[in-house]
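K.L.:
To start, I am sharing the structure in question, which I have written as structure tokens.
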Amino acid sequence: MPSRRTCLASLGLACVPFAAIAQDWPSKPVRLVVPFAPGGATDVVTRIFAQRFQEAFGQTFLVENRGGAGGLLGAQVVSKAAPDGYAFVMGTTGTHAVNATLYEKTGFNPLREFAPVTRVALLPNMIVSHPSLPARTVKELIVLARRQPGVLNYAAAGNFLYMSGEVFRLQAGVDMTGIPFKGSGLAMTAVMSGDVALAVTTVGSALPHVRAGKIRPIAITSLRRMALVPDVPTVAESGLPGHETVAWYGLFAPTGTPAAILSRVAGEVARLSKTGEMRDALAAQGAEAVGDTPEAFAAIMRSDVVRWGEIVRRTGARPD
């Protein structure tokens with residue numbers, strides 16, 4: 001078979017050049033699967049890109065929410081889809097790196113059954129508390145947690161946010177318990193009501209309640225402060241040097257999807273990431289625009305699966 005041709009015989013398609021596939025794609029609506037419920041950060045970011053993709057590629061990009069099992073169900077759907085460029089999933093550090101070790105059975109191998117396309121956004125977390133908590137800084141929080149081992153709980157909606165809290169717990173040497181919630185809205189409600197003292201959440205989920213004075217920001221989990229909340233210090237500058245837990249959101253296709261299609265999508269994301277419009281749209285969600293080549297994203301994936309696998313083993317974490 002010629003090196004620059006592909007044959008999708010199992011799909012009933014003739015052998016055609018990769019370049020021709022990319023040029024003709026997309027000729028019908030494309031599915032963008034969100035492995036979480038509507039309204040969360042992953043859903044909002046995906047819809048931002050769906051709109052831009054429709055404008056760039058002249059075809060409908062349908063956002064399909066398939067939540068459940070920490071993002072596993074939606075990812076499974078795409079892992080089994082035809083590798084023809086008409087199904088993508090907006091994966092996250094949680095769904096494609098943390099879950100690989102957190103769950104004994106995921107229904108897919110993220111390194112074998114997916115073709116990484118590109119990261120689209122980076123999202124640091126925010127540690128927030130009920131205003132009545134007698135700890136306004138990371139140092140004060142650590143002192144309080146050590147004085148009351150096992151008393152403080154933190155809310156987390158999603159496996160990455162939960163594991164981010166575990167990284168903090170390990171590095172700070174404190175005994176706190178993560179409480180899983182099905183959605184950031186429920187987690188924020190629990191903190192605002194005082195049912196849970198703390199939360200590790202996305203900046204976009206926390207910001208409206210921070211501005212309303214209903215919850216108190218303690219720190220950001222990126223290495224540098226965010227322009228969106230410049231007065232909120234980082235964990236790293238507040239007593240835990242080097243602390244960083246930043247999630248990526250990235251597009252994946254089923255393994256076997258023509259490389260020319262992956263490159264077209266990655267190239268469009270790279271172009272969008274440099275526009276002020278996209279940077280502003282993502283910044284409003286507490287995210288930073290980013291774009292990679294498929295090869296660069298694949299290397300990041302391999303590294304993150306190893307890194308988060310070690311963290312899961314050290315904490316002994318298990319899915320709820």
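Ordering of the structure tokens sets the chain letters (A, B, ...), residue numbers begin anew at 1 in every chain, and ligands are numbered from 1 in the order given.
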Report as a PyMOL selection string all protein, DNA and RNA residues lying within 9 Å of range 87-98 of chain A, evaluated on only C-alpha atoms, omitting residues in the same chain fewer than 4 positions from it.
P.N.:
chain A and resi 30-35+42-43+45-46+70-72+74-75+77-79+81-83+102-103+109-111+119+158-161+163+246-254+301-309+311-312
K.L.:
Quick one: write out the picked residues with C-alpha atoms as an mmCIF file, in the first residue's frame?
P.N.:
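Saved as selection.cif:
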data_model
loop_
_atom_site.group_PDB
_atom_site.id
_atom_site.type_symbol
_atom_site.label_atom_id
_atom_site.label_comp_id
_atom_site.auth_asym_id
_atom_site.auth_seq_id
_atom_site.Cartn_x
_atom_site.Cartn_y
_atom_site.Cartn_z
ATOM 1 C CA VAL A 30 -18.856 16.424 13.747
ATOM 2 C CA ARG A 31 -19.508 15.195 17.307
ATOM 3 C CA LEU A 32 -17.676 16.837 20.208
ATOM 4 C CA VAL A 33 -18.347 14.668 23.245
ATOM 5 C CA VAL A 34 -18.135 16.280 26.684
ATOM 6 C CA PRO A 35 -17.635 13.523 29.297
ATOM 7 C CA THR A 42 -15.413 21.382 30.379
ATOM 8 C CA ASP A 43 -18.814 21.903 28.792
ATOM 9 C CA VAL A 45 -14.924 25.465 27.018
ATOM 10 C CA THR A 46 -16.066 22.836 24.503
ATOM 11 C CA GLY A 70 -15.621 10.555 36.467
ATOM 12 C CA GLY A 71 -15.665 11.158 32.722
ATOM 13 C CA LEU A 72 -15.121 7.511 31.766
ATOM 14 C CA GLY A 74 -18.041 9.817 27.528
ATOM 15 C CA ALA A 75 -14.450 8.857 26.809
ATOM 16 C CA VAL A 77 -18.014 6.364 23.611
ATOM 17 C CA VAL A 78 -15.338 8.067 21.524
ATOM 18 C CA SER A 79 -12.721 5.338 22.039
ATOM 19 C CA ALA A 81 -16.216 5.393 17.531
ATOM 20 C CA ALA A 82 -15.190 5.086 13.889
ATOM 21 C CA PRO A 83 -11.762 6.702 13.293
ATOM 22 C CA LEU A 102 -7.449 5.737 39.792
ATOM 23 C CA TYR A 103 -9.818 3.144 38.305
ATOM 24 C CA ASN A 109 -6.379 2.559 27.515
ATOM 25 C CA PRO A 110 -5.789 6.298 27.042
ATOM 26 C CA LEU A 111 -2.370 5.726 25.485
ATOM 27 C CA ARG A 119 -4.577 20.776 24.352
ATOM 28 C CA GLY A 158 -14.405 15.596 39.651
ATOM 29 C CA ASN A 159 -11.383 13.388 40.033
ATOM 30 C CA PHE A 160 -8.785 15.967 39.051
ATOM 31 C CA LEU A 161 -10.045 18.463 41.626
ATOM 32 C CA MET A 163 -6.528 14.711 43.389
ATOM 33 C CA VAL A 246 -3.046 22.860 36.592
ATOM 34 C CA ALA A 247 -5.495 20.864 34.497
ATOM 35 C CA TRP A 248 -5.438 20.740 30.741
ATOM 36 C CA TYR A 249 -8.434 20.273 28.510
ATOM 37 C CA GLY A 250 -7.608 18.625 25.218
ATOM 38 C CA LEU A 251 -9.165 17.053 22.148
ATOM 39 C CA PHE A 252 -8.817 13.337 21.436
ATOM 40 C CA ALA A 253 -9.959 11.250 18.481
ATOM 41 C CA PRO A 254 -10.162 7.466 18.183
ATOM 42 C CA MET A 301 -0.019 12.578 27.860
ATOM 43 C CA ARG A 302 2.619 9.910 28.435
ATOM 44 C CA SER A 303 4.343 12.042 31.070
ATOM 45 C CA ASP A 304 1.118 12.917 32.891
ATOM 46 C CA VAL A 305 -0.124 9.328 33.051
ATOM 47 C CA VAL A 306 3.105 8.436 34.870
ATOM 48 C CA ARG A 307 3.034 11.493 37.143
ATOM 49 C CA TRP A 308 -0.574 11.127 38.256
ATOM 50 C CA GLY A 309 -0.252 7.391 38.552
ATOM 51 C CA ILE A 311 0.323 10.456 43.031
ATOM 52 C CA VAL A 312 -2.665 8.083 43.060
#
K.L.:
From a DSSP calculation on the backbone, collect every residue of range 5-235 of chain A in alpha helix (DSSP H) and output the set as a VMD selection string.
P.N.:
chain A and resid 18 to 24 41 to 57 72 to 79 93 99 to 102 138 to 147 159 to 172 184 to 193 203 to 211
K.L.:
Can you check which residues of range 138-195 of chain A DSSP gives as strand (DSSP E) on the backbone and send them as a ChimeraX atom specification?
P.N.:
/A:153-156,177-180
K.L.:
Leaving out range 138-151 of chain A and any residue of its chain fewer than 2 positions from it, which residues lie within 6 Å of it when counting only C-alpha atoms, given as a list in words?
P.N.:
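Answer for this query is Ala135, Val174, Asp175, Met176 and Ser238 of chain A.
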K.L.:
Show me, as a PyMOL selection string, the residues that have an atom within 7 Å of Gln285 in chain A when counting only C-alpha atoms, minus same-chain residues fewer than 2 positions from it.
P.N.:
chain A and resi 203-204+282-283+287
K.L.:
Take the residues from that selection and write them out as a PDB file, in the first residue's frame, keeping N, CA and C atoms.
P.N.:
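This went into again-v2.pdb:
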ATOM      1  N   VAL A 203     -11.538  28.028  38.825  1.00  0.00           N
ATOM      2  CA  VAL A 203     -11.660  29.464  39.069  1.00  0.00           C
ATOM      3  C   VAL A 203     -12.993  29.977  38.550  1.00  0.00           C
ATOM      4  N   GLY A 204     -13.408  29.486  37.371  1.00  0.00           N
ATOM      5  CA  GLY A 204     -14.673  29.937  36.803  1.00  0.00           C
ATOM      6  C   GLY A 204     -15.863  29.618  37.679  1.00  0.00           C
ATOM      7  N   LEU A 282     -11.670  32.448  27.042  1.00  0.00           N
ATOM      8  CA  LEU A 282     -11.211  31.431  27.987  1.00  0.00           C
ATOM      9  C   LEU A 282     -10.832  32.048  29.324  1.00  0.00           C
ATOM     10  N   ALA A 283     -10.263  33.242  29.293  1.00  0.00           N
ATOM     11  CA  ALA A 283      -9.891  33.908  30.545  1.00  0.00           C
ATOM     12  C   ALA A 283     -11.114  34.128  31.432  1.00  0.00           C
ATOM     13  N   ALA A 287      -9.371  30.213  32.420  1.00  0.00           N
ATOM     14  CA  ALA A 287      -8.532  29.319  31.622  1.00  0.00           C
ATOM     15  C   ALA A 287      -7.578  30.121  30.747  1.00  0.00           C
TER      16      ALA A 287
END
